[in-house]
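Below is one structure, written out as structure tokens, with a few remarks after it.
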Amino acid sequence: MGRLKLIKIVSGLPVFDLFAPRKLARTVSAFALGFAASQSDVDAMSSKLAQIEDRGRLVCGVDTGLAGFAEQDEDGTWRGFEVDLCHAYAAAFLGDPERVEFVPLTTADRFDAVLTDQVDILLRNTSWTFARDASLPVSFAGTYYHDGQGFLVPADLGVTSVRELDGARVCVQPETTTALNLADYGEAYGVSFQTVLVDTPAGGLDTYLAGQCDAFTSDVSALAGLRAALEERDQHAILADVISKEPLGPVVSSGDPDFVEAVEWILHALIAAEEFGVTADAVEGARVDPRTPEIARLLGEEGALGEALGLDSDFAVRAIAARGHYGEMFERNLGTQSELRLSRGLNAQWTEGGLMYAPPFR
Ligand SMILES: N[C@@H](CCC(=O)N[C@@H](CS)C(=O)NCC(=O)O)C(=O)O
């Protein structure tokens, strides 16, 4: 990975030189074209799990501070949904949910951190898009939160839809899908926004509260977190309009396809555990006495699914026991009883009308 060379940033997307190794399949075509990677490059790309085991801890890239997803409390302990996911991955990979390190990353730094192996997994409200997936040597290992772009406005602005924001000053962070969507929306619906670029969410909120922008746009989940932190939250509203799809997923280097699969299937295991009612408290009992053959396979009592991922048969048991199944993590950090008070919406199980759908464990 040391040969990757960042040459410029275009529309929030780092662009790499032609010799950058992309997906492993593309590396194979690169061999055919004569751009031969050395054996050590290939070995380095194919041993992510071994690197993590040797290091003894999993390094997760997280947001610099996003309520409900990843933020540090007064003691410096990281908390949030993405933080819990990282603990579950550490439990699955290393047998101990606490063997983690969190690296806070800005919007601009996040992909570079994956590509330079500064972090093993990026769990940082990062939307899965065509350009990011196809143009960078990274893979999105599923979707853990189906988000969308919204607008925070002062309740007394008297605006109820985005179209009424024609001519408004809108605070937005650069290097995000948010900025791109805003431009798309303006073009598609003939609405003109005066964009006010802000460096950080906290800075953006200050700018918004100082009245230097009329609306703050970001992922709805991020806006819910920002709004929750306001003293007078009822004086601010998140418009009902959602102008984009923002499927947030774990991002990993695509150099090691086995690792990509492991990250993907650990997430599926947490989602399936909710579907099957296997909570952190119930997981040991369910392993001893699985209610269905699929639960037996998920929990390693039948078949050898873990081995196929380069893990052992208990990987899902450990992941679930770490911080609970998907729904437990959601409720604790984001749900209606949390500060953010988000409903499950699209993130409900498919059996409840949502999009959370783990492929079969067989
Ligand atoms: N999901 C969008 C937006 C993600 C994003 O970075 N949002 C901002 C706005 S709240 C953020 O988290 N910034 C934190 C930071 O840069 O420190 C994306 O992938 O581009």
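By convention here, the chains of the structure tokens are called A, B, ... in the order presented, each chain's residues are numbered starting at 1, and ligands are numbered starting at 1 in the order presented.
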Nearby residues, ligand 1, 8 Å, only C-alpha atoms and all ligand atoms, as a ChimeraX atom specification: /A:12,63-66,104-108,124-128,147,172-173,175-178,199-201,218-219,222-223,246-248
Strand (DSSP E) per DSSP on the backbone: members of range 70-261 of chain A, as a VMD selection string: chain A and resid 71 to 72 78 to 79 100 to 105 121 to 122 138 to 140 145 to 147 149 to 154 169 to 172 194 to 197 215 to 219 236 to 238 246 to 248 251 to 253
Residue neighbourhood Ala262 in chain A, 6 Å, only C-alpha atoms, exclusion window fewer than 3 positions, as a VMD selection string: chain A and resid 259 265 309
Selection export as a PDB file, in the first residue's frame, atoms kept: C-alpha atoms:
ATOM      1  CA  PHE A 259     -11.001  -9.473   5.375  1.00  0.00           C
ATOM      2  CA  TRP A 265     -20.458 -11.157   7.604  1.00  0.00           C
ATOM      3  CA  LEU A 309     -14.030 -16.442   6.964  1.00  0.00           C
TER       4      LEU A 309
END
Shell of 9 Å around range 276-287 of chain A, only C-alpha atoms, local chain residues under 5 positions omitted, as a list in words: Ile271, Ile295, Ala296, Leu299, Gly300, Glu301, Val317, Arg318, Ala319, Ile320, Ala321, Ala322, Arg323, Gly324, His325, Gly327 and Glu328 of chain A
Please, could you write that set of residues out with N, CA and C atoms as a PDB file, in the first residue's frame?
ATOM      1  N   ILE A 271     -26.978  -8.390  12.574  1.00  0.00           N
ATOM      2  CA  ILE A 271     -28.329  -8.108  12.066  1.00  0.00           C
ATOM      3  C   ILE A 271     -29.207  -9.365  12.173  1.00  0.00           C
ATOM      4  N   ILE A 295     -29.921 -20.717  13.507  1.00  0.00           N
ATOM      5  CA  ILE A 295     -29.295 -20.140  14.707  1.00  0.00           C
ATOM      6  C   ILE A 295     -28.087 -21.006  15.099  1.00  0.00           C
ATOM      7  N   ALA A 296     -28.232 -22.315  14.975  1.00  0.00           N
ATOM      8  CA  ALA A 296     -27.110 -23.219  15.305  1.00  0.00           C
ATOM      9  C   ALA A 296     -25.915 -22.920  14.405  1.00  0.00           C
ATOM     10  N   LEU A 299     -24.310 -19.514  15.317  1.00  0.00           N
ATOM     11  CA  LEU A 299     -23.556 -19.531  16.578  1.00  0.00           C
ATOM     12  C   LEU A 299     -22.479 -20.612  16.609  1.00  0.00           C
ATOM     13  N   GLY A 300     -22.237 -21.225  15.459  1.00  0.00           N
ATOM     14  CA  GLY A 300     -21.104 -22.143  15.337  1.00  0.00           C
ATOM     15  C   GLY A 300     -21.341 -23.532  15.893  1.00  0.00           C
ATOM     16  N   GLU A 301     -22.588 -23.866  16.161  1.00  0.00           N
ATOM     17  CA  GLU A 301     -22.880 -25.206  16.692  1.00  0.00           C
ATOM     18  C   GLU A 301     -23.090 -26.229  15.583  1.00  0.00           C
ATOM     19  N   VAL A 317     -20.843 -15.479  18.216  1.00  0.00           N
ATOM     20  CA  VAL A 317     -21.191 -15.459  19.649  1.00  0.00           C
ATOM     21  C   VAL A 317     -20.453 -14.313  20.332  1.00  0.00           C
ATOM     22  N   ARG A 318     -19.168 -14.203  20.032  1.00  0.00           N
ATOM     23  CA  ARG A 318     -18.374 -13.142  20.673  1.00  0.00           C
ATOM     24  C   ARG A 318     -18.830 -11.754  20.214  1.00  0.00           C
ATOM     25  N   ALA A 319     -19.126 -11.628  18.921  1.00  0.00           N
ATOM     26  CA  ALA A 319     -19.556 -10.312  18.406  1.00  0.00           C
ATOM     27  C   ALA A 319     -20.871  -9.885  19.066  1.00  0.00           C
ATOM     28  N   ILE A 320     -21.797 -10.818  19.196  1.00  0.00           N
ATOM     29  CA  ILE A 320     -23.111 -10.490  19.786  1.00  0.00           C
ATOM     30  C   ILE A 320     -22.959 -10.194  21.280  1.00  0.00           C
ATOM     31  N   ALA A 321     -22.132 -10.992  21.959  1.00  0.00           N
ATOM     32  CA  ALA A 321     -21.958 -10.819  23.411  1.00  0.00           C
ATOM     33  C   ALA A 321     -21.289  -9.481  23.739  1.00  0.00           C
ATOM     34  N   ALA A 322     -20.520  -8.946  22.794  1.00  0.00           N
ATOM     35  CA  ALA A 322     -19.738  -7.726  23.077  1.00  0.00           C
ATOM     36  C   ALA A 322     -20.625  -6.539  23.434  1.00  0.00           C
ATOM     37  N   ARG A 323     -21.541  -6.182  22.537  1.00  0.00           N
ATOM     38  CA  ARG A 323     -22.386  -5.002  22.784  1.00  0.00           C
ATOM     39  C   ARG A 323     -23.835  -5.262  22.381  1.00  0.00           C
ATOM     40  N   GLY A 324     -24.181  -6.532  22.202  1.00  0.00           N
ATOM     41  CA  GLY A 324     -25.546  -6.872  21.826  1.00  0.00           C
ATOM     42  C   GLY A 324     -25.715  -6.975  20.323  1.00  0.00           C
ATOM     43  N   HIS A 325     -26.918  -7.406  19.915  1.00  0.00           N
ATOM     44  CA  HIS A 325     -27.183  -7.514  18.477  1.00  0.00           C
ATOM     45  C   HIS A 325     -27.458  -6.130  17.890  1.00  0.00           C
ATOM     46  N   GLY A 327     -30.071  -4.502  16.931  1.00  0.00           N
ATOM     47  CA  GLY A 327     -31.161  -3.722  17.521  1.00  0.00           C
ATOM     48  C   GLY A 327     -30.793  -3.189  18.905  1.00  0.00           C
ATOM     49  N   GLU A 328     -30.042  -3.989  19.668  1.00  0.00           N
ATOM     50  CA  GLU A 328     -29.627  -3.510  21.000  1.00  0.00           C
ATOM     51  C   GLU A 328     -28.684  -2.311  20.865  1.00  0.00           C
TER      52      GLU A 328
END
Near-Val103 in chain A list (7 Å; only C-alpha atoms; drop same-chain fewer than 5 positions) as a ChimeraX atom specification: /A:60-62
For those residues, write N, CA and C atoms to a file as a PDB file, in the first residue's frame.
ATOM      1  N   CYS A  60      -9.943   1.335  14.619  1.00  0.00           N
ATOM      2  CA  CYS A  60     -11.139   1.796  13.911  1.00  0.00           C
ATOM      3  C   CYS A  60     -11.062   3.312  13.706  1.00  0.00           C
ATOM      4  N   GLY A  61     -11.341   3.741  12.492  1.00  0.00           N
ATOM      5  CA  GLY A  61     -11.438   5.173  12.192  1.00  0.00           C
ATOM      6  C   GLY A  61     -12.853   5.610  12.487  1.00  0.00           C
ATOM      7  N   VAL A  62     -13.010   6.639  13.309  1.00  0.00           N
ATOM      8  CA  VAL A  62     -14.346   7.105  13.690  1.00  0.00           C
ATOM      9  C   VAL A  62     -14.463   8.611  13.454  1.00  0.00           C
TER      10      VAL A  62
END
Which of range 44-259 of chain A fall in alpha helix (DSSP H), as a PyMOL selection string: chain A and resi 44-45+48-55+81-94+110-115+130-135+177-189+201-209+220-228+257-259
Non-local contacts of Ser338 in chain A (12 Å; only C-alpha atoms; under 4 positions in same chain excluded) as a PyMOL selection string: chain A and resi 67-69+80-81+224-225+228+328-334+342-343
Interatomic distance, CA of Asp112 in chain A to CA of Asp133 in chain A (Å, one decimal): 13.8 Å
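Closest to Ala91 in chain A among A:Lys48, A:Arg297, A:Arg57, A:Arg362 is A:Arg57, based on only C-alpha atoms.
Using only C-alpha atoms, the protein and nucleic acid residues lying no more than 12 Å from Asp234 in chain A, apart from those fewer than 3 places from it along its own chain, are A:Leu152, A:Val153, A:Pro154, A:Ala155, A:Asp156, A:Ala224, A:Arg227, A:Ala228, A:Ala229, A:Leu230, A:Glu231, A:Ala237, A:Ile238.
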Include N, CA and C atoms and write out the residues we just selected as a PDB file, in the first residue's frame.
ATOM      1  N   LEU A 152     -31.627  21.194   8.991  1.00  0.00           N
ATOM      2  CA  LEU A 152     -31.984  21.736  10.303  1.00  0.00           C
ATOM      3  C   LEU A 152     -32.256  23.230  10.116  1.00  0.00           C
ATOM      4  N   VAL A 153     -33.404  23.675  10.589  1.00  0.00           N
ATOM      5  CA  VAL A 153     -33.754  25.099  10.424  1.00  0.00           C
ATOM      6  C   VAL A 153     -34.324  25.638  11.742  1.00  0.00           C
ATOM      7  N   PRO A 154     -34.194  26.945  11.951  1.00  0.00           N
ATOM      8  CA  PRO A 154     -34.859  27.521  13.129  1.00  0.00           C
ATOM      9  C   PRO A 154     -36.371  27.359  12.960  1.00  0.00           C
ATOM     10  N   ALA A 155     -37.050  26.942  14.023  1.00  0.00           N
ATOM     11  CA  ALA A 155     -38.496  26.704  13.912  1.00  0.00           C
ATOM     12  C   ALA A 155     -39.225  27.968  13.472  1.00  0.00           C
ATOM     13  N   ASP A 156     -38.693  29.134  13.870  1.00  0.00           N
ATOM     14  CA  ASP A 156     -39.410  30.376  13.523  1.00  0.00           C
ATOM     15  C   ASP A 156     -39.088  30.891  12.115  1.00  0.00           C
ATOM     16  N   ALA A 224     -29.835  15.085  13.972  1.00  0.00           N
ATOM     17  CA  ALA A 224     -30.545  14.708  15.204  1.00  0.00           C
ATOM     18  C   ALA A 224     -29.596  14.821  16.392  1.00  0.00           C
ATOM     19  N   ARG A 227     -28.932  18.557  17.051  1.00  0.00           N
ATOM     20  CA  ARG A 227     -30.123  19.170  17.651  1.00  0.00           C
ATOM     21  C   ARG A 227     -30.273  18.739  19.112  1.00  0.00           C
ATOM     22  N   ALA A 228     -29.957  17.454  19.385  1.00  0.00           N
ATOM     23  CA  ALA A 228     -30.094  16.944  20.750  1.00  0.00           C
ATOM     24  C   ALA A 228     -29.197  17.703  21.725  1.00  0.00           C
ATOM     25  N   ALA A 229     -28.084  18.222  21.202  1.00  0.00           N
ATOM     26  CA  ALA A 229     -27.132  18.917  22.075  1.00  0.00           C
ATOM     27  C   ALA A 229     -27.536  20.371  22.339  1.00  0.00           C
ATOM     28  N   LEU A 230     -28.545  20.851  21.621  1.00  0.00           N
ATOM     29  CA  LEU A 230     -28.938  22.253  21.791  1.00  0.00           C
ATOM     30  C   LEU A 230     -29.772  22.433  23.059  1.00  0.00           C
ATOM     31  N   GLU A 231     -29.529  23.535  23.734  1.00  0.00           N
ATOM     32  CA  GLU A 231     -30.285  23.786  24.968  1.00  0.00           C
ATOM     33  C   GLU A 231     -31.778  23.935  24.677  1.00  0.00           C
ATOM     34  N   ALA A 237     -35.946  22.751  14.012  1.00  0.00           N
ATOM     35  CA  ALA A 237     -36.677  21.614  13.451  1.00  0.00           C
ATOM     36  C   ALA A 237     -35.865  20.968  12.318  1.00  0.00           C
ATOM     37  N   ILE A 238     -36.019  19.661  12.176  1.00  0.00           N
ATOM     38  CA  ILE A 238     -35.439  18.973  11.013  1.00  0.00           C
ATOM     39  C   ILE A 238     -36.591  18.814  10.016  1.00  0.00           C
TER      40      ILE A 238
END
